[in-house]
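**Student:** What follows is data-v8.txt, made up of compact mmCIF, C-alpha atoms and all ligand atoms:
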```txt
# COMPACT_ATOMS: atom_id res chain seq x y z
CA MET A 4 80.54 67.99 61.44
CA ALA A 5 81.48 71.67 61.11
CA LEU A 6 79.59 74.15 63.25
CA HIS A 7 77.53 76.94 61.72
CA PHE A 8 77.85 80.39 63.27
CA ASP A 9 79.20 83.87 62.54
CA THR A 10 83.00 83.58 62.36
CA SER A 11 83.66 87.12 61.15
CA VAL A 12 85.78 89.40 63.32
CA ARG A 13 85.57 93.12 64.05
CA ASN A 14 87.91 95.80 65.39
CA SER A 15 88.26 96.98 68.96
CA ARG A 16 89.56 99.96 70.91
CA ILE A 17 90.17 101.36 74.37
CA LEU A 18 87.17 103.61 75.05
CA SER A 19 88.28 105.07 78.37
CA VAL A 20 90.68 104.84 81.29
CA GLY A 21 90.06 105.45 84.99
CA ALA A 22 92.47 105.54 87.93
CA TYR A 23 92.40 105.46 91.69
CA ARG A 24 95.31 106.36 93.96
CA PRO A 25 94.95 106.08 97.73
CA ALA A 26 94.93 109.44 99.51
CA ARG A 27 97.96 108.73 101.67
CA VAL A 28 101.21 109.91 100.07
CA VAL A 29 104.35 108.33 101.55
CA PRO A 30 107.66 110.07 100.84
CA ASN A 31 110.98 108.21 100.81
CA SER A 32 111.86 109.81 104.15
CA GLU A 33 109.15 107.69 105.85
CA ILE A 34 110.68 104.44 104.57
CA VAL A 35 114.44 104.86 104.70
CA ASP A 36 115.17 104.39 108.41
CA ARG A 37 113.88 100.81 108.58
CA ILE A 38 115.99 99.70 105.59
CA GLU A 39 119.18 101.75 106.06
CA SER A 40 118.56 103.65 102.86
CA SER A 41 118.29 107.30 101.83
CA ASP A 42 116.00 109.53 99.82
CA GLU A 43 118.91 110.21 97.47
CA TRP A 44 119.65 106.50 96.85
CA ILE A 45 115.99 105.68 96.11
CA ARG A 46 115.61 108.65 93.74
CA GLN A 47 118.85 107.90 91.91
CA ARG A 48 118.37 104.12 91.61
CA THR A 49 114.61 104.09 90.85
CA GLY A 50 113.27 107.61 90.23
CA ILE A 51 110.73 107.18 93.06
CA GLU A 52 110.06 110.27 95.21
CA THR A 53 106.69 109.40 96.75
CA ARG A 54 104.12 106.62 96.50
CA HIS A 55 100.46 106.12 97.51
CA ILE A 56 99.71 103.58 100.23
CA ALA A 57 96.16 102.42 101.03
CA SER A 58 94.79 102.65 104.54
CA ALA A 59 94.24 99.44 106.54
CA ASP A 60 90.49 99.47 105.86
CA GLU A 61 90.83 100.28 102.13
CA SER A 62 90.75 97.04 100.13
CA LEU A 63 91.94 96.11 96.67
CA ILE A 64 88.29 95.93 95.60
CA ASP A 65 87.56 99.42 97.01
CA MET A 66 90.35 100.80 94.81
CA ALA A 67 89.28 98.78 91.75
CA GLU A 68 85.64 99.87 92.16
CA ALA A 69 86.69 103.53 92.21
CA ALA A 70 88.86 103.18 89.08
CA ALA A 71 86.25 101.12 87.21
CA THR A 72 83.45 103.57 88.04
CA ILE A 73 85.46 106.42 86.48
CA ALA A 74 86.32 104.34 83.39
CA LEU A 75 82.66 103.32 82.86
CA ARG A 76 81.46 106.92 83.23
CA ARG A 77 84.07 108.21 80.79
CA ALA A 78 83.18 105.47 78.26
CA GLY A 79 79.48 106.32 78.58
CA ILE A 80 78.86 102.62 79.30
CA THR A 81 76.72 101.19 82.10
CA MET A 82 77.85 98.12 84.02
CA GLU A 83 74.86 96.23 82.55
CA GLN A 84 76.46 96.62 79.11
CA VAL A 85 79.73 95.02 80.28
CA SER A 86 79.77 91.35 79.35
CA ALA A 87 83.19 90.42 80.78
CA VAL A 88 85.48 91.67 83.54
CA ILE A 89 89.18 90.78 83.59
CA PHE A 90 91.02 91.60 86.81
CA ALA A 91 94.83 91.51 86.74
CA THR A 92 96.25 91.30 90.25
CA ILE A 93 98.64 89.37 92.48
CA THR A 94 97.43 90.85 95.76
CA TYR A 95 93.84 89.64 96.15
CA PRO A 96 94.08 87.67 99.39
CA TYR A 97 91.81 84.79 98.27
CA GLN A 98 92.83 81.97 95.96
CA ALA A 99 89.10 81.67 95.14
CA PRO A 100 86.62 83.04 94.34
CA SER A 101 88.18 85.69 92.16
CA ALA A 102 88.64 89.41 92.74
CA ALA A 103 86.67 89.96 89.52
CA THR A 104 83.57 88.29 90.97
CA GLU A 105 83.72 90.49 94.10
CA LEU A 106 84.05 93.51 91.85
CA ILE A 107 81.05 92.70 89.63
CA VAL A 108 78.85 92.32 92.70
CA ARG A 109 79.99 95.76 93.88
CA LEU A 110 79.46 97.29 90.45
CA GLY A 111 75.93 95.89 90.25
CA ASN A 112 76.20 93.35 87.44
CA PRO A 113 76.81 89.99 89.13
CA LYS A 114 75.90 88.21 85.86
CA ALA A 115 78.92 89.33 83.80
CA ALA A 116 81.68 86.84 82.93
CA ALA A 117 84.48 87.54 85.40
CA PHE A 118 87.96 86.18 86.07
CA ASP A 119 91.40 87.14 87.37
CA ILE A 120 94.74 86.81 85.66
CA SER A 121 98.00 86.23 87.47
CA ALA A 122 100.65 87.76 85.25
CA ALA A 123 102.07 90.17 87.86
CA CYS A 124 103.35 93.43 86.37
CA ALA A 125 102.46 92.22 82.87
CA GLY A 126 98.89 91.47 83.95
CA PHE A 127 97.23 94.59 82.59
CA CYS A 128 98.81 94.15 79.13
CA TYR A 129 97.77 90.47 79.18
CA GLY A 130 94.25 91.70 80.01
CA VAL A 131 94.25 94.16 77.09
CA ALA A 132 95.30 91.30 74.77
CA LEU A 133 92.47 89.06 76.00
CA ALA A 134 89.83 91.81 75.95
CA ASN A 135 90.85 92.80 72.44
CA ASP A 136 90.37 89.23 71.22
CA LEU A 137 87.05 88.81 73.09
CA VAL A 138 85.65 91.93 71.42
CA ARG A 139 87.15 91.10 68.02
CA ALA A 140 85.66 87.59 68.06
CA LYS A 141 82.30 88.95 69.35
CA THR A 142 82.51 86.85 72.50
CA ALA A 143 81.94 90.09 74.42
CA GLU A 144 80.58 93.53 73.57
CA TYR A 145 82.28 95.64 76.25
CA VAL A 146 85.05 94.35 78.49
CA LEU A 147 86.28 96.01 81.67
CA VAL A 148 90.00 95.38 82.29
CA ILE A 149 91.33 96.21 85.76
CA GLY A 150 94.91 96.30 86.99
CA GLY A 151 94.88 96.67 90.75
CA GLU A 152 97.22 95.96 93.64
CA LYS A 153 97.44 96.45 97.37
CA LEU A 154 101.11 95.55 97.51
CA SER A 155 101.55 97.15 100.94
CA ASP A 156 99.79 94.08 102.40
CA PHE A 157 102.43 91.81 100.83
CA THR A 158 105.62 93.83 101.24
CA ASN A 159 107.90 93.52 104.26
CA PRO A 160 108.66 97.08 105.40
CA ASP A 161 112.06 95.84 106.68
CA ASP A 162 113.12 94.26 103.37
CA ARG A 163 115.81 96.43 101.82
CA ALA A 164 115.22 94.86 98.39
CA THR A 165 111.50 95.66 98.08
CA ALA A 166 110.20 98.06 100.76
CA PHE A 167 111.00 101.22 98.78
CA ILE A 168 109.57 100.06 95.44
CA PHE A 169 106.08 98.66 95.81
CA ALA A 170 102.88 100.68 96.31
CA ASP A 171 99.08 100.59 95.95
CA GLY A 172 96.50 101.68 93.39
CA ALA A 173 94.12 100.58 90.64
CA GLY A 174 93.53 101.46 87.00
CA ALA A 175 90.79 100.37 84.60
CA VAL A 176 89.96 100.56 80.92
CA VAL A 177 86.80 99.79 78.96
CA ILE A 178 87.44 98.00 75.67
CA GLY A 179 84.73 97.77 73.02
CA PRO A 180 84.00 97.62 69.28
CA SER A 181 85.65 100.06 66.88
CA ASP A 182 85.30 101.06 63.22
CA GLU A 183 89.09 100.77 62.63
CA PRO A 184 91.81 98.64 64.30
CA ARG A 185 92.94 100.62 67.36
CA ILE A 186 94.63 97.88 69.42
CA GLY A 187 97.65 96.27 67.79
CA PRO A 188 98.77 92.63 67.97
CA THR A 189 100.23 91.63 71.35
CA MET A 190 103.80 90.37 71.59
CA TRP A 191 103.93 88.21 74.68
CA GLY A 192 105.75 85.35 76.29
CA ALA A 193 107.89 84.35 79.23
CA SER A 194 111.41 83.67 80.46
CA ALA A 195 110.17 81.14 82.97
CA GLU A 196 113.63 79.66 83.54
CA SER A 197 114.01 82.76 85.78
CA ARG A 198 110.67 82.32 87.52
CA ASP A 199 112.33 82.44 90.96
CA ALA A 200 113.51 86.04 90.42
CA ILE A 201 110.29 87.48 91.89
CA LEU A 202 108.33 85.38 94.35
CA MET A 203 105.35 85.69 96.65
CA HIS A 204 104.88 82.56 98.77
CA PRO A 205 101.34 82.00 99.96
CA SER A 206 100.98 80.51 103.40
CA TRP A 207 97.32 79.63 103.42
CA LEU A 208 97.16 78.05 106.87
CA ASP A 209 98.60 81.16 108.44
CA TYR A 210 96.49 83.45 106.29
CA LYS A 211 93.25 81.79 107.36
CA LYS A 212 94.02 82.78 110.93
CA ALA A 213 95.03 86.29 110.03
CA ASP A 214 93.07 89.49 109.81
CA THR A 215 96.01 91.78 109.24
CA ARG A 216 99.66 91.56 108.23
CA GLU A 217 100.66 91.89 111.86
CA SER A 218 98.61 88.99 113.21
CA ALA A 219 100.17 86.14 111.22
CA ALA A 220 102.76 85.29 108.62
CA TRP A 221 101.42 86.75 105.39
CA PRO A 222 103.32 86.04 102.20
CA ASP A 223 105.87 88.68 101.33
CA ILE A 224 107.12 89.61 97.91
CA ALA A 225 110.81 88.90 97.32
CA GLN A 226 112.83 90.08 94.35
CA GLN A 227 116.31 89.58 92.89
CA GLY A 228 116.46 93.16 91.68
CA GLN A 229 119.53 92.96 89.47
CA THR A 230 118.37 89.78 87.67
CA VAL A 231 115.03 91.37 86.83
CA PHE A 232 116.66 94.68 85.93
CA ARG A 233 119.06 93.06 83.41
CA TRP A 234 116.31 90.91 81.90
CA ALA A 235 113.99 93.89 81.45
CA VAL A 236 116.67 96.13 79.96
CA TYR A 237 117.98 93.55 77.45
CA GLU A 238 114.85 91.57 76.58
CA MET A 239 112.02 94.13 76.51
CA ALA A 240 113.33 96.56 73.87
CA PRO A 241 113.14 93.94 71.05
CA ILE A 242 109.62 93.05 72.22
CA GLY A 243 108.61 96.72 72.03
CA LEU A 244 110.03 97.04 68.51
CA LYS A 245 108.20 93.87 67.44
CA ALA A 246 104.92 95.25 68.81
CA ILE A 247 105.43 98.51 66.88
CA ALA A 248 106.20 96.62 63.65
CA ALA A 249 103.26 94.21 64.19
CA ALA A 250 100.94 97.24 64.36
CA GLY A 251 102.28 98.37 60.98
CA LEU A 252 104.04 101.41 62.49
CA GLN A 253 107.51 102.89 62.95
CA PRO A 254 108.80 104.27 66.29
CA GLU A 255 108.24 107.82 64.97
CA ASP A 256 104.52 107.04 64.54
CA LEU A 257 104.14 106.75 68.32
CA ALA A 258 103.02 109.68 70.44
CA ALA A 259 103.67 107.97 73.77
CA PHE A 260 105.55 105.14 75.49
CA ILE A 261 103.81 103.78 78.59
CA PRO A 262 105.89 100.93 80.03
CA HIS A 263 105.45 99.18 83.36
CA GLN A 264 106.68 101.60 86.02
CA ALA A 265 109.32 99.40 87.69
CA ASN A 266 112.34 101.66 87.66
CA GLU A 267 112.96 104.95 85.81
CA ARG A 268 116.39 103.66 84.73
CA ILE A 269 114.69 100.71 82.98
CA ILE A 270 112.23 103.11 81.31
CA ASP A 271 115.08 105.33 80.03
CA SER A 272 117.14 102.36 78.88
CA LEU A 273 114.22 100.88 76.89
CA ALA A 274 113.46 104.22 75.22
CA ARG A 275 117.16 104.55 74.26
CA SER A 276 117.46 100.97 72.98
CA MET A 277 114.35 101.33 70.83
CA LYS A 278 115.68 104.70 69.58
CA LEU A 279 112.34 106.36 70.29
CA PRO A 280 112.39 109.90 68.89
CA GLU A 281 112.26 112.90 71.26
CA SER A 282 108.67 113.52 70.16
CA VAL A 283 107.50 110.34 71.96
CA GLN A 284 106.19 111.28 75.41
CA ILE A 285 107.40 108.87 78.08
CA ALA A 286 105.27 107.97 81.11
CA ARG A 287 107.22 108.59 84.33
CA ASP A 288 104.43 108.01 86.81
CA ILE A 289 106.85 105.95 88.92
CA ARG A 290 108.17 109.19 90.47
CA THR A 291 104.97 109.79 92.43
CA THR A 292 103.27 106.39 92.27
CA GLY A 293 106.05 103.82 92.79
CA ASN A 294 105.74 100.32 91.36
CA THR A 295 102.10 99.19 91.51
CA SER A 296 102.58 95.98 89.47
CA ALA A 297 99.41 95.25 87.45
CA ALA A 298 98.06 98.76 88.14
CA SER A 299 101.12 100.60 86.87
CA VAL A 300 100.37 100.81 83.13
CA PRO A 301 96.75 102.07 83.43
CA LEU A 302 97.75 104.46 86.25
CA ALA A 303 100.60 105.79 84.11
CA MET A 304 98.26 106.07 81.11
CA ASP A 305 95.76 108.09 83.13
CA ALA A 306 98.46 110.37 84.55
CA LEU A 307 99.98 111.01 81.12
CA LEU A 308 96.58 111.83 79.60
CA SER A 309 95.73 114.13 82.51
CA SER A 310 98.96 116.12 82.12
CA GLN A 311 98.96 116.04 78.28
CA PRO A 312 95.34 115.87 77.05
CA GLU A 313 96.55 116.29 73.44
CA LEU A 314 97.67 112.61 73.61
CA HIS A 315 94.05 111.39 73.67
CA GLY A 316 93.42 109.42 70.47
CA LYS A 317 97.16 109.09 69.68
CA ASN A 318 99.18 105.88 69.51
CA ALA A 319 101.09 104.56 72.51
CA LEU A 320 103.33 101.53 73.06
CA LEU A 321 102.45 99.64 76.25
CA ILE A 322 104.79 97.04 77.77
CA GLY A 323 104.30 95.09 80.99
CA PHE A 324 106.93 92.76 82.48
CA GLY A 325 107.42 91.06 85.83
CA ALA A 326 107.14 87.95 87.99
CA GLY A 327 107.21 84.77 85.96
CA LEU A 328 109.17 86.21 84.34
CA VAL A 329 106.40 87.17 81.89
CA TYR A 330 105.83 90.04 79.51
CA ALA A 331 103.34 91.50 77.03
CA GLY A 332 103.44 94.57 74.81
CA GLN A 333 101.11 96.13 72.26
CA VAL A 334 100.49 99.44 70.51
CA VAL A 335 97.12 100.99 71.34
CA GLU A 336 95.33 104.11 70.33
CA LEU A 337 94.85 106.03 73.58
CA PRO A 338 91.18 106.63 74.48
CA PRO A 339 89.43 109.77 73.20
CA LEU A 340 89.07 112.86 75.42
CA PRO A 341 86.18 112.01 77.75
CA THR A 342 83.14 114.24 77.69
CA LYS A 343 81.86 113.01 81.09
O1 LIG A 401 107.96 95.18 88.90
C1 LIG A 401 108.45 93.91 88.64
C2 LIG A 401 109.72 94.01 87.91
N1 LIG A 401 110.72 94.53 88.80
C3 LIG A 401 111.73 95.25 88.32
O2 LIG A 401 111.78 95.51 87.14
C4 LIG A 401 112.81 95.69 89.30
C5 LIG A 401 114.15 95.69 88.62
N2 LIG A 401 115.22 95.97 89.54
C6 LIG A 401 115.49 97.20 90.05
O3 LIG A 401 114.73 98.12 89.82
C7 LIG A 401 116.77 97.40 90.83
O4 LIG A 401 117.54 96.23 90.78
C8 LIG A 401 116.56 97.81 92.31
C9 LIG A 401 116.02 99.23 92.36
C10 LIG A 401 115.59 96.85 92.98
C11 LIG A 401 117.89 97.80 93.07
O5 LIG A 401 118.81 98.65 92.41
P1 LIG A 401 120.25 98.12 91.99
O6 LIG A 401 120.93 99.23 91.36
O7 LIG A 401 120.09 96.86 91.20
O8 LIG A 401 120.89 97.82 93.40
P2 LIG A 401 121.84 96.61 93.82
O9 LIG A 401 121.02 95.54 94.43
O10 LIG A 401 122.75 96.27 92.68
O11 LIG A 401 122.73 97.30 94.94
C12 LIG A 401 123.64 98.36 94.61
C13 LIG A 401 124.17 98.95 95.90
C14 LIG A 401 124.75 97.90 96.86
O12 LIG A 401 125.81 98.54 97.56
P3 LIG A 401 127.36 98.28 97.14
O13 LIG A 401 127.55 96.79 97.22
O14 LIG A 401 127.45 98.78 95.72
O15 LIG A 401 128.12 99.08 98.11
C15 LIG A 401 123.61 97.64 97.81
O16 LIG A 401 124.05 97.23 99.08
O17 LIG A 401 123.10 99.58 96.60
C16 LIG A 401 122.96 99.00 97.90
N3 LIG A 401 121.55 98.90 98.20
C17 LIG A 401 120.87 99.87 98.85
N4 LIG A 401 121.26 101.04 99.35
C18 LIG A 401 120.33 101.81 99.94
C19 LIG A 401 120.70 97.92 97.87
N5 LIG A 401 119.46 98.22 98.30
C20 LIG A 401 119.55 99.42 98.90
C21 LIG A 401 118.61 100.26 99.52
N6 LIG A 401 119.05 101.44 100.00
N7 LIG A 401 117.32 99.93 99.62
```
Would you put the structure from the file into C-alpha cells?
Ligand code: UT7
**Tutor:**
Amino acid sequence: MALHFDTSVRNSRILSVGAYRPARVVPNSEIVDRIESSDEWIRQRTGIETRHIASADESLIDMAEAAATIALRRAGITMEQVSAVIFATITYPYQAPSAATELIVRLGNPKAAAFDISAACAGFCYGVALANDLVRAKTAEYVLVIGGEKLSDFTNPDDRATAFIFADGAGAVVIGPSDEPRIGPTMWGASAESRDAILMHPSWLDYKKADTRESAAWPDIAQQGQTVFRWAVYEMAPIGLKAIAAAGLQPEDLAAFIPHQANERIIDSLARSMKLPESVQIARDIRTTGNTSAASVPLAMDALLSSQPELHGKNALLIGFGAGLVYAGQVVELPPLPTK
C-alpha cells in the first residue's frame, strides 16, 4: 500500500560559511631539512608557502567547534534549529562514535541527527550534496556541514611524499531552505580501481595504547603523488564542466572557482582545461593553508569571500577530489554578506 505524506520538494542554499585556522603558522623552511627538500621546490611544485598546524592539545573537534560557531552566528541560526550535522573528516581518531556526535554535544544540541562521512578531500562536497537533498526533501530544516582535519597527527614528518603538503583546519557551512535553487546538482563518483593511490592504514591495537603520535605507531597517510596528480588534472575538468551545465549555466556565468586545494598546478590546469574566463576568481588558499583535505574547500571559500566580499551571493564551482579515489563537484551560490 502506498504511503501518504508530503512528497513535494523545496529549494536550498548555503546561508553562511565559517573557518578556523590554528594560530601556528609553519613556513616551508621549518619542514625542508627532515625531507631533503627546499622552499623553492615546494613553492614551485605545489604553490605552498606556509600552512597552519594545530598545537598538541588542540583537537579536531576544537577546530570544528570554532568554525561551526562562526557559521551559525553568520547564518543567524541557533544550534537548536539545526536538525542534522554532517562531519567530513578522515582524521578523527575514533572509528566510533562519530566526530559529529562529539561536536553536537559541544555545540549544545545533543539531539540533532549527526554522522561522519569518509570521502577524504571530496568529503565537504559530498556533505553539501547530502545536505542539499536533506533540505530539499524536508528531512531537515537546517544542516551544518563541517570539513575538518588534523592531518598533522597522521602525517609522517620524515615522509618526503607527504610532509610538505598536509595541514590542519576546519570549515563549516549552514545549509537551509531557499526561495530559488541556489545549490546545483552534484556530479560525483569514484575511480576506485586506483583506491591504493592515497592510503591511511589504521592500527587500532597500537592506537588504543597511544596518547600521542610519538608513543605508538599511529597510521600515516601515504600518497602516490603523480598518480593522483594525473587523475585530478585529466578527470576533474570534465566533471566541473558537467556540474556547470547541470546547473543550467555556462563557464562565464561563474564568479568563482573553489576547487580542493591539493596543488596550485592542479588548480591552474583545471581552470585552463575548463577554459574559465579571466573574470572567474580562483581560490588559491593553498599558498598559506596547505592541503587540509575535507577542510580545504570551505576554508578556501571563506578566504576568498574575506578578500573579495563582492563575491558574496555570486555563483561558484566547487570540486573536491581525493583518496578513494572519489570526487564531487557542484555549482553553488556563495552565501550572502553576513550581518553578524
Ligand atoms: O589531497 C588529495 C589529493 N592529492 C593530490 O591531488 C596530490 C597530487 N600530487 C601532487 O600534488 C604532486 O604529485 C606532489 C606535489 C605530491 C609531488 O610533485 P611531483 O611534481 O609529482 O613530484 P615527483 O614525485 O614527480 O618528483 C619530481 C622530482 C623527483 O626528482 P627527479 O627524479 O626529477 O630528479 C623527486 O625526487 O622531485 C623530487 N622530489 C622532491 N624534491 C624535493 C620529490 N619529492 C620531493 C620533495 N622535495 N619533497
**Student:** Tell me, counting all atoms listed in the file, for each residue of chain A within 6 Å of ligand LIG 401 (chain A), which pair of atoms is nearest and how far apart they are in Å to one decimal, in rows ordered by chain and increasing number, as CSV.
**Tutor:**
```
residue,atom,partner,partner_atom,distance
A:Ser40,CA,A:LIG401,N6,3.6
A:Trp44,CA,A:LIG401,C18,5.7
A:Arg48,CA,A:LIG401,C9,5.5
A:Thr49,CA,A:LIG401,C9,5.3
A:Cys124,CA,A:LIG401,O1,5.5
A:Arg163,CA,A:LIG401,N7,4.4
A:Ala164,CA,A:LIG401,N5,5.4
A:Gly228,CA,A:LIG401,O4,3.4
A:Gln229,CA,A:LIG401,O4,4.0
A:Val231,CA,A:LIG401,C5,4.8
A:Phe232,CA,A:LIG401,C5,3.8
A:Ala265,CA,A:LIG401,O1,4.6
A:Asn266,CA,A:LIG401,O3,4.8
A:Ser296,CA,A:LIG401,O1,5.5
A:Gly325,CA,A:LIG401,C1,4.1
```
**Student:** If you count all atoms listed in the file, which residues fall within 6 Å of Ala170 of chain A, apart from same-chain ones fewer than 6 positions away, as a ChimeraX atom specification?
**Tutor:** /A:56,154-155,293-295
**Student:** Within 12 Å of (108.2, 106.2, 68.8) (coordinates as in the file), grab all the protein and nucleic acid residues, counting all atoms listed in the file, and write them out as JSON, numbers by chain.
**Tutor:** {"A": [243, 244, 246, 247, 248, 252, 253, 254, 255, 256, 257, 258, 259, 260, 261, 273, 274, 275, 276, 277, 278, 279, 280, 281, 282, 283, 284, 285, 317, 318, 319, 320, 321, 334]}
**Student:** Just to confirm, what's the straight-line distance from atom CA of Tyr237 of chain A to atom CA of Ala303 of chain A in Å (one decimal)?
**Tutor:**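 One can read the atom CA of Tyr237 of chain A to atom CA of Ala303 of chain A distance as 22.3 Å.
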**Student:** Using only C-alpha atoms, which protein or nucleic acid residues come within 7 Å of Ala175 of chain A? Drop anything in the same chain fewer than 6 positions from it, and give the result as a list of chain:residue names.
**Tutor:**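 The neighbour list is A:Val20, A:Gly21, A:Ala22, A:Ala70, A:Ala71, A:Ala74, A:Leu147, A:Val148, A:Ile149, A:Gly150, A:Pro301.
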**Student:** One decimal, Å: what's the distance from atom CA of Pro188 of chain A over to atom CA of Lys343 of chain A, could you say?
**Tutor:**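 Atom CA of Lys343 of chain A lies at a distance of 29.6 Å from atom CA of Pro188 of chain A.
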**Student:** Hey, which of A:Val335, A:Leu340, A:Pro262, A:Ala286 ends up closest to Leu307 of chain A? Count only C-alpha atoms.
**Tutor:** A:Ala286
**Student:** Neighbouring residues of segment 119-122 of chain A were defined as those with any atom within 7 Å, considering all atoms listed in the file; residues of the same chain fewer than 2 positions away were excluded. Please report them as a list in words.
**Tutor:** Ile89, Phe90, Ala91, Thr92, Ile93, Ser101, Ala102, Ala103, Cys124, Ala125, Gly126 and Val329 of chain A
**Student:** Grab the atom CA of Asp182 of chain A to atom CA of Asn14 of chain A distance for me, in Å with one decimal place.
**Tutor:** 6.3 Å
**Student:** Excluding Met239 of chain A and residues on its chain fewer than 3 positions from it, collect all residues at most 9 Å away from it, counting only C-alpha atoms, and give them as a ChimeraX atom specification.
**Tutor:** /A:234-236,242-244,273,322-324,330,332
**Student:** Of the candidates A:Tyr97, A:Trp191, A:Tyr23, A:Phe8, which shows the shortest atom-to-atom distance to Ala69 of chain A, using only C-alpha atoms?
**Tutor:**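 Result for the nearest residue to Ala69 of chain A: A:Tyr23.
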